[in-house]
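Shown next, in structure tokens, is the structure this report addresses.
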Amino acid sequence: MLVYNTTYHVGLDDARNFVIWIHQVYIPAATESGLLKRPRLCRILSHHDEDSECFSLQFEVEDTARLHEWYVKKETALHEE
């Protein structure tokens, strides 16, 4: 089992909408194939930029082959959104 992590830096004004979008749009779309499982969204405490918030979105994935399959089929379209 692997953990696939993406870190986001979001402006303070957009953070609330970002969290709503992640929960309502991105996570359901990312997990619909069944390749990515058990999503976790965590706020990262960071002192680098006081004008933004940092978030870590993690999924569990069985192996690198399944992660690559998900990446090819779904991630590109989600990333563009």
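All residue names refer to the structure tokens as shown: chains lettered A, B, ... in order, residues numbered from 1 in each chain, ligands numbered from 1 in order.
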_Spatial neighbours of Cys54 of chain A, 10 Å, only C-alpha atoms, chain gap at least 2 places, as a list in words_ = Thr7, Tyr8, His9, Val10, Gly11, Leu12, Ala15, Cys42, Arg43, Ile44, Leu45, Ser46, His47, His48, Asp49, Ser52 and Ser56 of chain A
task = Please provide as a list in words all residues within 10 Å of Thr31 of chain A, with the sequence filter that same-chain residues fewer than 5 positions apart are discarded (counting only C-alpha atoms).
result =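 The contact residues come out as Tyr26, Leu36, Lys37, Arg38, Pro39, Phe59, Trp70 and Lys74 of chain A.
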Could you dump the residues just selected with C-alpha atoms as a PDB file, in the first residue's frame?
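Saved result, part_24.pdb, follows:
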```pdb
ATOM      1  CA  TYR A  26     -12.378  16.522  -6.462  1.00  0.00           C
ATOM      2  CA  LEU A  36      -7.585   5.653  -4.976  1.00  0.00           C
ATOM      3  CA  LYS A  37      -9.014   4.952  -1.540  1.00  0.00           C
ATOM      4  CA  ARG A  38      -9.394   6.483   1.927  1.00  0.00           C
ATOM      5  CA  PRO A  39      -8.911  10.179   1.123  1.00  0.00           C
ATOM      6  CA  PHE A  59      -5.078   8.803  -0.878  1.00  0.00           C
ATOM      7  CA  TRP A  70      -5.407   6.498 -12.261  1.00  0.00           C
ATOM      8  CA  LYS A  74      -8.303  10.732 -14.443  1.00  0.00           C
TER       9      LYS A  74
END
```
If you run DSSP on this backbone, which residues of chain A come out as helix (DSSP H, G or I), and could you give them as number ranges by chain? A: 12-31, 64-80
For this session: Enumerate, as an MDAnalysis selection string, the complete set of residues in segment 39-69 of chain A that a backbone-based DSSP assignment places in strand (DSSP E).
Result: chainID A and resid 39:44 52:61
Restricted to N, CA, C and O atoms, what would the selected residues look like written as a CSV table (one decimal), in the first residue's frame?
```csv
chain,number,residue,atom,x,y,z
A,39,PRO,N,-9.5,8.8,1.2
A,39,PRO,CA,-8.9,10.2,1.1
A,39,PRO,C,-8.8,10.8,2.5
A,39,PRO,O,-9.6,10.6,3.4
A,40,ARG,N,-7.8,11.6,2.6
A,40,ARG,CA,-7.6,12.4,3.9
A,40,ARG,C,-7.1,13.8,3.4
A,40,ARG,O,-6.2,14.0,2.7
A,41,LEU,N,-7.8,14.8,3.9
A,41,LEU,CA,-7.5,16.2,3.7
A,41,LEU,C,-7.0,16.8,5.0
A,41,LEU,O,-7.7,16.8,6.0
A,42,CYS,N,-5.8,17.3,5.1
A,42,CYS,CA,-5.2,17.8,6.3
A,42,CYS,C,-4.7,19.2,6.1
A,42,CYS,O,-4.2,19.5,5.0
A,43,ARG,N,-4.9,20.1,7.0
A,43,ARG,CA,-4.3,21.4,7.0
A,43,ARG,C,-2.9,21.3,7.5
A,43,ARG,O,-2.7,20.7,8.5
A,44,ILE,N,-2.0,21.9,6.8
A,44,ILE,CA,-0.6,21.9,7.2
A,44,ILE,C,-0.3,23.2,7.9
A,44,ILE,O,-0.5,24.3,7.4
A,52,SER,N,-1.5,32.6,3.0
A,52,SER,CA,-2.1,31.4,2.4
A,52,SER,C,-2.2,30.3,3.5
A,52,SER,O,-1.6,30.4,4.5
A,53,GLU,N,-3.0,29.3,3.1
A,53,GLU,CA,-3.1,28.1,3.9
A,53,GLU,C,-2.6,27.0,3.1
A,53,GLU,O,-2.7,27.0,1.9
A,54,CYS,N,-2.0,26.0,3.7
A,54,CYS,CA,-1.5,24.8,3.1
A,54,CYS,C,-2.3,23.6,3.4
A,54,CYS,O,-2.7,23.4,4.6
A,55,PHE,N,-2.6,22.7,2.5
A,55,PHE,CA,-3.4,21.5,2.7
A,55,PHE,C,-2.6,20.3,2.0
A,55,PHE,O,-2.0,20.5,1.0
A,56,SER,N,-2.8,19.2,2.7
A,56,SER,CA,-2.2,18.0,2.1
A,56,SER,C,-3.4,17.0,1.8
A,56,SER,O,-4.2,16.8,2.7
A,57,LEU,N,-3.6,16.6,0.6
A,57,LEU,CA,-4.6,15.6,0.2
A,57,LEU,C,-3.9,14.3,0.0
A,57,LEU,O,-3.0,14.2,-0.9
A,58,GLN,N,-4.3,13.3,0.7
A,58,GLN,CA,-3.7,12.0,0.6
A,58,GLN,C,-4.7,10.9,0.3
A,58,GLN,O,-5.8,11.0,0.7
A,59,PHE,N,-4.3,10.0,-0.6
A,59,PHE,CA,-5.1,8.8,-0.9
A,59,PHE,C,-4.2,7.6,-0.7
A,59,PHE,O,-3.0,7.6,-0.9
A,60,GLU,N,-4.8,6.5,-0.4
A,60,GLU,CA,-4.1,5.2,-0.4
A,60,GLU,C,-4.3,4.5,-1.7
A,60,GLU,O,-5.4,4.6,-2.3
A,61,VAL,N,-3.3,3.9,-2.2
A,61,VAL,CA,-3.3,3.2,-3.5
A,61,VAL,C,-2.5,1.9,-3.4
A,61,VAL,O,-1.5,1.9,-2.7
```
Proximity to Tyr4 of chain A - best of A:Asp63, A:Glu80, A:Glu69, A:Glu50, only C-alpha atoms
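When distances to Tyr4 of chain A are compared using only C-alpha atoms, the smallest one comes from A:Asp63.
Distances here use only C-alpha atoms; by that measure, the residue among A:Thr6, A:Gln24, A:Val19, A:Leu35 closest to Ala65 of chain A is A:Leu35.
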I'd like the contact shell of Glu62 of chain A - 7 Å cut-off, only C-alpha atoms, skipping same-chain residues fewer than 4 positions apart - returned as a list of chain:residue names.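 Everything that qualifies: A:Met1, A:Leu2, A:Arg66.
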Keeping N, CA and C atoms, export the residues of the selection given above as a CSV table (one decimal), in the first residue's frame.
```
chain,number,residue,atom,x,y,z
A,1,MET,N,0.8,-1.2,0.0
A,1,MET,CA,0.0,0.0,0.0
A,1,MET,C,0.9,1.2,0.0
A,2,LEU,N,0.5,2.2,-0.8
A,2,LEU,CA,1.3,3.5,-0.9
A,2,LEU,C,0.3,4.6,-0.5
A,66,ARG,N,-1.3,0.9,-10.3
A,66,ARG,CA,-2.6,1.4,-10.1
A,66,ARG,C,-2.6,2.9,-10.0
```
